[in-house]
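Have a look at the structure below before the remarks.
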Amino acid sequence: QVQLVESGGGLVQTGGSLTLSCRAHGLTLGINDMGWYRQVPGKQREMVATINRRGIATYADFGKERFSLSRENTKATITLRMENLEPQDTAIYYCHAEGPACPQTTCWGQGTQVTASG
């Protein structure tokens with residue numbers, strides 16, 4: 001099986017930047033796409049950005065000009081760089097992976113809080 005371990009997140013002033021990282025442990029060869037989702041209490045979880053094994057990333061409209069997702073397959077790690085953060089970016093960010101090594105082909109991390117204010 002696969003375990004996703006997240007790092008980064010925290011509190012930043014409006015307009016600031018943060019970097020989130022996620023590393024997969026376990027049967028990482030069984031992972032295809034990886035990415036980040038986010039969720040605000042009372043709302044559905046939404047996709048932020050995903051990336052395939054070839055390094056091709058897809059972004060939500062709100063992040064196309066401000067976020068950058070990269071992947072290092074040898075370390076089974078993805079890194080999300082977020083710039084010019086806005087209060088509406090405040091949410092819990094979850095690492096996500098898809099593949100046969102995940103239960104029902106989907107794995108989730110524990111989540112990390114990102115707060116932009118001030």
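Please note that chains go A, B, ... in the order of the structure tokens, that every chain numbers its residues from 1, and that ligands are numbered from 1 in the order shown.
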Please build the interface table for stretch 11-75 of chain A against stretch 109-116 of chain A with a cut-off of 9 Å, listing for each qualifying residue the nearest atom pair and the distance in Å to one decimal; count only C-alpha atoms, order rows by chain and increasing number, and write it as JSON lines.
```
{"residue": "A:Leu11", "atom": "CA", "partner": "A:Thr115", "partner_atom": "CA", "distance": 4.7}
{"residue": "A:Val12", "atom": "CA", "partner": "A:Ala116", "partner_atom": "CA", "distance": 5.0}
{"residue": "A:Gln13", "atom": "CA", "partner": "A:Ala116", "partner_atom": "CA", "distance": 5.3}
{"residue": "A:Thr14", "atom": "CA", "partner": "A:Ala116", "partner_atom": "CA", "distance": 5.3}
{"residue": "A:Gly15", "atom": "CA", "partner": "A:Ala116", "partner_atom": "CA", "distance": 8.1}
{"residue": "A:Gly16", "atom": "CA", "partner": "A:Ala116", "partner_atom": "CA", "distance": 7.8}
{"residue": "A:Leu18", "atom": "CA", "partner": "A:Val114", "partner_atom": "CA", "distance": 8.4}
{"residue": "A:Leu20", "atom": "CA", "partner": "A:Thr112", "partner_atom": "CA", "distance": 8.6}
{"residue": "A:Cys22", "atom": "CA", "partner": "A:Gly109", "partner_atom": "CA", "distance": 8.2}
{"residue": "A:Arg38", "atom": "CA", "partner": "A:Gly111", "partner_atom": "CA", "distance": 8.5}
```
Residues within 9 Å of A:Gly26, only C-alpha atoms, excluding chain neighbours under 5 positions, as a PDB file with all heavy atoms, in the first residue's frame:
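After the write, part_27.pdb holds the following:
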```
ATOM      1  N   GLN A   1       0.834  -1.194   0.000  1.00  0.00           N
ATOM      2  CA  GLN A   1       0.000   0.000   0.000  1.00  0.00           C
ATOM      3  C   GLN A   1       0.869   1.243   0.000  1.00  0.00           C
ATOM      4  O   GLN A   1       2.080   1.164   0.074  1.00  0.00           O
ATOM      5  CB  GLN A   1      -0.924  -0.009   1.210  1.00  0.00           C
ATOM      6  CG  GLN A   1      -2.079  -0.977   1.061  1.00  0.00           C
ATOM      7  CD  GLN A   1      -3.250  -0.608   1.949  1.00  0.00           C
ATOM      8  OE1 GLN A   1      -3.168   0.278   2.774  1.00  0.00           O
ATOM      9  NE2 GLN A   1      -4.348  -1.312   1.759  1.00  0.00           N
ATOM     10  N   VAL A   2       0.222   2.384  -0.080  1.00  0.00           N
ATOM     11  CA  VAL A   2       0.913   3.662  -0.175  1.00  0.00           C
ATOM     12  C   VAL A   2       0.490   4.572   0.966  1.00  0.00           C
ATOM     13  O   VAL A   2      -0.692   4.651   1.298  1.00  0.00           O
ATOM     14  CB  VAL A   2       0.603   4.345  -1.529  1.00  0.00           C
ATOM     15  CG1 VAL A   2       1.110   5.776  -1.549  1.00  0.00           C
ATOM     16  CG2 VAL A   2       1.216   3.551  -2.676  1.00  0.00           C
ATOM     17  N   GLN A   3       1.451   5.263   1.541  1.00  0.00           N
ATOM     18  CA  GLN A   3       1.169   6.297   2.533  1.00  0.00           C
ATOM     19  C   GLN A   3       1.691   7.621   2.014  1.00  0.00           C
ATOM     20  O   GLN A   3       2.827   7.696   1.528  1.00  0.00           O
ATOM     21  CB  GLN A   3       1.839   5.968   3.868  1.00  0.00           C
ATOM     22  CG  GLN A   3       1.543   6.974   4.971  1.00  0.00           C
ATOM     23  CD  GLN A   3       2.244   6.641   6.273  1.00  0.00           C
ATOM     24  OE1 GLN A   3       3.204   5.889   6.279  1.00  0.00           O
ATOM     25  NE2 GLN A   3       1.773   7.216   7.360  1.00  0.00           N
ATOM     26  N   ALA A 101      -1.864   0.772  -6.372  1.00  0.00           N
ATOM     27  CA  ALA A 101      -1.309   0.575  -5.032  1.00  0.00           C
ATOM     28  C   ALA A 101      -2.151   1.238  -3.951  1.00  0.00           C
ATOM     29  O   ALA A 101      -1.895   1.032  -2.766  1.00  0.00           O
ATOM     30  CB  ALA A 101       0.114   1.126  -4.971  1.00  0.00           C
TER      31      ALA A 101
END
```
Spatial neighbours of A:Phe67, 10 Å, only C-alpha atoms, chain gap at least 5 places, as a PDB file with C-alpha atoms, in the first residue's frame:
```pdb
ATOM      1  CA  SER A  17       3.938  32.422  -0.814  1.00  0.00           C
ATOM      2  CA  LEU A  18       3.988  28.883   0.523  1.00  0.00           C
ATOM      3  CA  THR A  19       5.331  25.552  -0.647  1.00  0.00           C
ATOM      4  CA  VAL A  48      -6.023  22.384  -6.980  1.00  0.00           C
ATOM      5  CA  ALA A  49      -3.526  20.749  -9.330  1.00  0.00           C
ATOM      6  CA  TYR A  59      -4.449  23.338 -12.690  1.00  0.00           C
ATOM      7  CA  ALA A  60      -7.757  24.639 -11.439  1.00  0.00           C
ATOM      8  CA  PHE A  62      -7.934  29.799  -9.657  1.00  0.00           C
ATOM      9  CA  LEU A  80       3.257  22.721  -5.004  1.00  0.00           C
ATOM     10  CA  ARG A  81       4.533  26.279  -5.028  1.00  0.00           C
ATOM     11  CA  MET A  82       1.779  28.805  -4.296  1.00  0.00           C
ATOM     12  CA  GLU A  83       2.332  32.517  -4.832  1.00  0.00           C
ATOM     13  CA  ASN A  84       0.267  35.630  -4.287  1.00  0.00           C
ATOM     14  CA  LEU A  85      -1.978  33.814  -1.833  1.00  0.00           C
TER      15      LEU A  85
END
```
I need the residues in stretch 8-115 of chain A that are helix (DSSP H, G or I) according to DSSP; give them as a list in words.
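Those in stretch 8-115 of chain A that DSSP calls helix (DSSP H, G or I) are Thr28, Leu29, Gly30, Asp61, Phe62, Gly63, Asn73, Thr74, Lys75, Pro87, Gln88, Asp89, Pro103, Gln104 and Thr105 of chain A.
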Same residues, all heavy atoms, saved as an mmCIF file, in the first residue's frame:
```
data_model
loop_
_atom_site.group_PDB
_atom_site.id
_atom_site.type_symbol
_atom_site.label_atom_id
_atom_site.label_comp_id
_atom_site.auth_asym_id
_atom_site.auth_seq_id
_atom_site.Cartn_x
_atom_site.Cartn_y
_atom_site.Cartn_z
ATOM 1 N N THR A 28 5.334 2.658 -4.358
ATOM 2 C CA THR A 28 5.201 3.879 -5.157
ATOM 3 C C THR A 28 5.179 3.621 -6.656
ATOM 4 O O THR A 28 4.709 4.457 -7.416
ATOM 5 C CB THR A 28 6.319 4.869 -4.820
ATOM 6 O OG1 THR A 28 7.572 4.247 -5.073
ATOM 7 C CG2 THR A 28 6.239 5.298 -3.366
ATOM 8 N N LEU A 29 5.678 2.455 -7.087
ATOM 9 C CA LEU A 29 5.599 2.151 -8.518
ATOM 10 C C LEU A 29 4.153 1.963 -8.956
ATOM 11 O O LEU A 29 3.851 2.007 -10.150
ATOM 12 C CB LEU A 29 6.416 0.890 -8.839
ATOM 13 C CG LEU A 29 7.932 1.049 -8.730
ATOM 14 C CD1 LEU A 29 8.624 -0.267 -9.063
ATOM 15 C CD2 LEU A 29 8.428 2.146 -9.678
ATOM 16 N N GLY A 30 3.272 1.754 -8.002
ATOM 17 C CA GLY A 30 1.856 1.582 -8.324
ATOM 18 C C GLY A 30 1.076 2.872 -8.326
ATOM 19 O O GLY A 30 -0.150 2.859 -8.256
ATOM 20 N N ASP A 61 -8.697 26.646 -12.401
ATOM 21 C CA ASP A 61 -8.621 28.005 -12.948
ATOM 22 C C ASP A 61 -8.039 28.991 -11.943
ATOM 23 O O ASP A 61 -7.269 29.884 -12.311
ATOM 24 C CB ASP A 61 -10.007 28.467 -13.393
ATOM 25 C CG ASP A 61 -10.463 27.781 -14.672
ATOM 26 O OD1 ASP A 61 -9.609 27.210 -15.379
ATOM 27 O OD2 ASP A 61 -11.675 27.818 -14.968
ATOM 28 N N PHE A 62 -8.374 28.823 -10.659
ATOM 29 C CA PHE A 62 -7.934 29.799 -9.657
ATOM 30 C C PHE A 62 -6.427 29.726 -9.422
ATOM 31 O O PHE A 62 -5.842 30.647 -8.839
ATOM 32 C CB PHE A 62 -8.683 29.616 -8.334
ATOM 33 C CG PHE A 62 -8.522 28.258 -7.708
ATOM 34 C CD1 PHE A 62 -7.365 27.906 -7.031
ATOM 35 C CD2 PHE A 62 -9.540 27.317 -7.791
ATOM 36 C CE1 PHE A 62 -7.212 26.657 -6.463
ATOM 37 C CE2 PHE A 62 -9.412 26.068 -7.229
ATOM 38 C CZ PHE A 62 -8.237 25.725 -6.559
ATOM 39 N N GLY A 63 -5.789 28.653 -9.872
ATOM 40 C CA GLY A 63 -4.370 28.509 -9.599
ATOM 41 C C GLY A 63 -3.466 28.605 -10.812
ATOM 42 O O GLY A 63 -2.231 28.578 -10.675
ATOM 43 N N ASN A 73 9.870 11.713 -9.724
ATOM 44 C CA ASN A 73 9.445 10.309 -9.656
ATOM 45 C C ASN A 73 10.402 9.442 -8.832
ATOM 46 O O ASN A 73 9.961 8.538 -8.135
ATOM 47 C CB ASN A 73 9.318 9.731 -11.058
ATOM 48 C CG ASN A 73 8.082 10.240 -11.777
ATOM 49 O OD1 ASN A 73 7.053 10.502 -11.157
ATOM 50 N ND2 ASN A 73 8.180 10.394 -13.082
ATOM 51 N N THR A 74 11.699 9.722 -8.902
ATOM 52 C CA THR A 74 12.657 8.888 -8.170
ATOM 53 C C THR A 74 12.433 8.968 -6.662
ATOM 54 O O THR A 74 12.755 8.034 -5.933
ATOM 55 C CB THR A 74 14.095 9.301 -8.494
ATOM 56 O OG1 THR A 74 14.265 10.684 -8.184
ATOM 57 C CG2 THR A 74 14.415 9.063 -9.960
ATOM 58 N N LYS A 75 11.877 10.077 -6.199
ATOM 59 C CA LYS A 75 11.605 10.247 -4.779
ATOM 60 C C LYS A 75 10.115 10.159 -4.466
ATOM 61 O O LYS A 75 9.710 10.350 -3.324
ATOM 62 C CB LYS A 75 12.146 11.593 -4.294
ATOM 63 C CG LYS A 75 13.661 11.706 -4.379
ATOM 64 C CD LYS A 75 14.140 13.049 -3.826
ATOM 65 C CE LYS A 75 15.657 13.151 -3.886
ATOM 66 N NZ LYS A 75 16.141 14.448 -3.348
ATOM 67 N N PRO A 87 -6.965 35.382 0.774
ATOM 68 C CA PRO A 87 -7.750 34.779 1.863
ATOM 69 C C PRO A 87 -8.627 33.624 1.395
ATOM 70 O O PRO A 87 -8.834 32.661 2.150
ATOM 71 C CB PRO A 87 -8.588 35.962 2.360
ATOM 72 C CG PRO A 87 -7.744 37.159 2.090
ATOM 73 C CD PRO A 87 -7.058 36.860 0.780
ATOM 74 N N GLN A 88 -9.122 33.683 0.161
ATOM 75 C CA GLN A 88 -9.972 32.592 -0.340
ATOM 76 C C GLN A 88 -9.186 31.328 -0.635
ATOM 77 O O GLN A 88 -9.782 30.291 -0.952
ATOM 78 C CB GLN A 88 -10.758 33.041 -1.580
ATOM 79 C CG GLN A 88 -9.931 33.682 -2.656
ATOM 80 C CD GLN A 88 -9.946 35.203 -2.556
ATOM 81 O OE1 GLN A 88 -9.798 35.757 -1.466
ATOM 82 N NE2 GLN A 88 -10.088 35.860 -3.693
ATOM 83 N N ASP A 89 -7.875 31.377 -0.543
ATOM 84 C CA ASP A 89 -7.062 30.174 -0.662
ATOM 85 C C ASP A 89 -6.971 29.426 0.672
ATOM 86 O O ASP A 89 -6.429 28.315 0.721
ATOM 87 C CB ASP A 89 -5.648 30.508 -1.130
ATOM 88 C CG ASP A 89 -5.616 31.057 -2.550
ATOM 89 O OD1 ASP A 89 -6.296 30.481 -3.417
ATOM 90 O OD2 ASP A 89 -4.929 32.074 -2.771
ATOM 91 N N PRO A 103 -5.891 1.981 -1.976
ATOM 92 C CA PRO A 103 -7.190 1.336 -1.760
ATOM 93 C C PRO A 103 -8.242 1.925 -2.689
ATOM 94 O O PRO A 103 -8.407 3.148 -2.736
ATOM 95 C CB PRO A 103 -7.500 1.672 -0.299
ATOM 96 C CG PRO A 103 -6.185 1.991 0.311
ATOM 97 C CD PRO A 103 -5.357 2.593 -0.774
ATOM 98 N N GLN A 104 -8.900 1.073 -3.470
ATOM 99 C CA GLN A 104 -9.876 1.538 -4.464
ATOM 100 C C GLN A 104 -9.259 2.593 -5.379
ATOM 101 O O GLN A 104 -9.937 3.547 -5.775
ATOM 102 C CB GLN A 104 -11.129 2.068 -3.762
ATOM 103 C CG GLN A 104 -11.844 0.989 -2.957
ATOM 104 C CD GLN A 104 -13.090 1.503 -2.275
ATOM 105 O OE1 GLN A 104 -13.216 2.680 -1.994
ATOM 106 N NE2 GLN A 104 -14.030 0.604 -2.025
ATOM 107 N N THR A 105 -7.968 2.430 -5.651
ATOM 108 C CA THR A 105 -7.151 3.240 -6.575
ATOM 109 C C THR A 105 -6.969 4.688 -6.142
ATOM 110 O O THR A 105 -6.430 5.494 -6.900
ATOM 111 C CB THR A 105 -7.703 3.225 -8.023
ATOM 112 O OG1 THR A 105 -8.897 4.013 -8.113
ATOM 113 C CG2 THR A 105 -7.968 1.824 -8.486
#
```
Do a neighbour search on A:Trp36 at 7 Å with only C-alpha atoms, toss out local chain neighbours closer than 5 positions, and write the hits as a list in words.
Met47, Val48, Ala49, Thr50, Tyr93, Tyr94, Cys95 and His96 of chain A
Deliver the residues from the most recent selection as a file, using all heavy atoms, as a compact mmCIF listing (two decimals), in the first residue's frame.
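Final output, part00.txt:
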```txt
# COMPACT_ATOMS: atom_id res chain seq x y z
N MET A 47 -10.24 20.16 -6.61
CA MET A 47 -8.92 19.94 -7.16
C MET A 47 -8.16 21.26 -7.24
O MET A 47 -8.71 22.28 -7.67
CB MET A 47 -9.02 19.31 -8.55
CG MET A 47 -7.70 18.87 -9.16
SD MET A 47 -6.86 20.14 -10.12
CE MET A 47 -7.86 20.15 -11.61
N VAL A 48 -6.90 21.23 -6.85
CA VAL A 48 -6.02 22.38 -6.98
C VAL A 48 -5.11 22.19 -8.19
O VAL A 48 -5.03 23.05 -9.07
CB VAL A 48 -5.17 22.58 -5.71
CG1 VAL A 48 -4.19 23.73 -5.90
CG2 VAL A 48 -6.07 22.80 -4.50
N ALA A 49 -4.43 21.06 -8.22
CA ALA A 49 -3.53 20.75 -9.33
C ALA A 49 -3.19 19.27 -9.29
O ALA A 49 -3.11 18.68 -8.21
CB ALA A 49 -2.24 21.58 -9.26
N THR A 50 -3.01 18.67 -10.45
CA THR A 50 -2.59 17.28 -10.56
C THR A 50 -1.45 17.17 -11.56
O THR A 50 -1.29 18.06 -12.41
CB THR A 50 -3.74 16.36 -11.00
OG1 THR A 50 -4.17 16.74 -12.30
CG2 THR A 50 -4.91 16.43 -10.03
N TYR A 93 -5.35 21.55 2.76
CA TYR A 93 -4.85 21.01 1.51
C TYR A 93 -4.47 19.54 1.69
O TYR A 93 -3.72 19.20 2.62
CB TYR A 93 -3.65 21.83 1.03
CG TYR A 93 -4.06 23.17 0.44
CD1 TYR A 93 -4.60 24.17 1.25
CD2 TYR A 93 -3.92 23.43 -0.92
CE1 TYR A 93 -5.00 25.38 0.71
CE2 TYR A 93 -4.31 24.65 -1.46
CZ TYR A 93 -4.85 25.62 -0.63
OH TYR A 93 -5.24 26.83 -1.17
N TYR A 94 -4.98 18.70 0.79
CA TYR A 94 -4.77 17.26 0.88
C TYR A 94 -3.96 16.76 -0.31
O TYR A 94 -4.29 17.07 -1.47
CB TYR A 94 -6.10 16.52 0.89
CG TYR A 94 -6.95 16.78 2.11
CD1 TYR A 94 -7.88 17.81 2.11
CD2 TYR A 94 -6.83 16.00 3.25
CE1 TYR A 94 -8.67 18.06 3.22
CE2 TYR A 94 -7.61 16.24 4.37
CZ TYR A 94 -8.53 17.27 4.34
OH TYR A 94 -9.30 17.51 5.45
N CYS A 95 -2.96 15.97 -0.04
CA CYS A 95 -2.22 15.29 -1.10
C CYS A 95 -3.05 14.11 -1.58
O CYS A 95 -3.73 13.43 -0.78
CB CYS A 95 -0.87 14.82 -0.58
SG CYS A 95 0.16 14.04 -1.83
N HIS A 96 -2.99 13.84 -2.86
CA HIS A 96 -3.81 12.81 -3.49
C HIS A 96 -2.95 12.01 -4.45
O HIS A 96 -2.07 12.56 -5.12
CB HIS A 96 -4.96 13.49 -4.24
CG HIS A 96 -5.79 12.56 -5.06
ND1 HIS A 96 -5.60 12.41 -6.42
CD2 HIS A 96 -6.82 11.75 -4.71
CE1 HIS A 96 -6.49 11.54 -6.88
NE2 HIS A 96 -7.24 11.13 -5.87
```
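Each of A:Ala91, A:Leu27, A:Val5, A:Ala97 was checked against A:Arg53 using only C-alpha atoms; the smallest atom-to-atom distance is that of A:Ala97.
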With only C-alpha atoms as the atoms that count, which of A:Leu4, A:Glu86, A:Arg71, A:Trp108 lies nearest to A:Arg45?
A:Trp108
I need the strand (DSSP E) residues of chain A per DSSP on the backbone, written as number ranges by chain.
A: 2-8, 10-13, 18-26, 34-39, 46-51, 57-59, 67-72, 77-82, 91-98, 106-108, 112-117
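In this model, the gap between atom CA of A:Ala24 and atom CA of A:Lys43 comes to 26.6 Å.
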Residues within 9 Å of A:Ile51, please, as number ranges by chain. Count only C-alpha atoms; anything in the same chain fewer than 2 positions from it doesn't count.
A: 32-35, 49, 53-59, 69-71, 78
Taking into account only C-alpha atoms, which residue in the set A:Gln39, A:Cys102, A:Thr77, A:Thr90 is nearest to A:Ser7?
A:Thr77
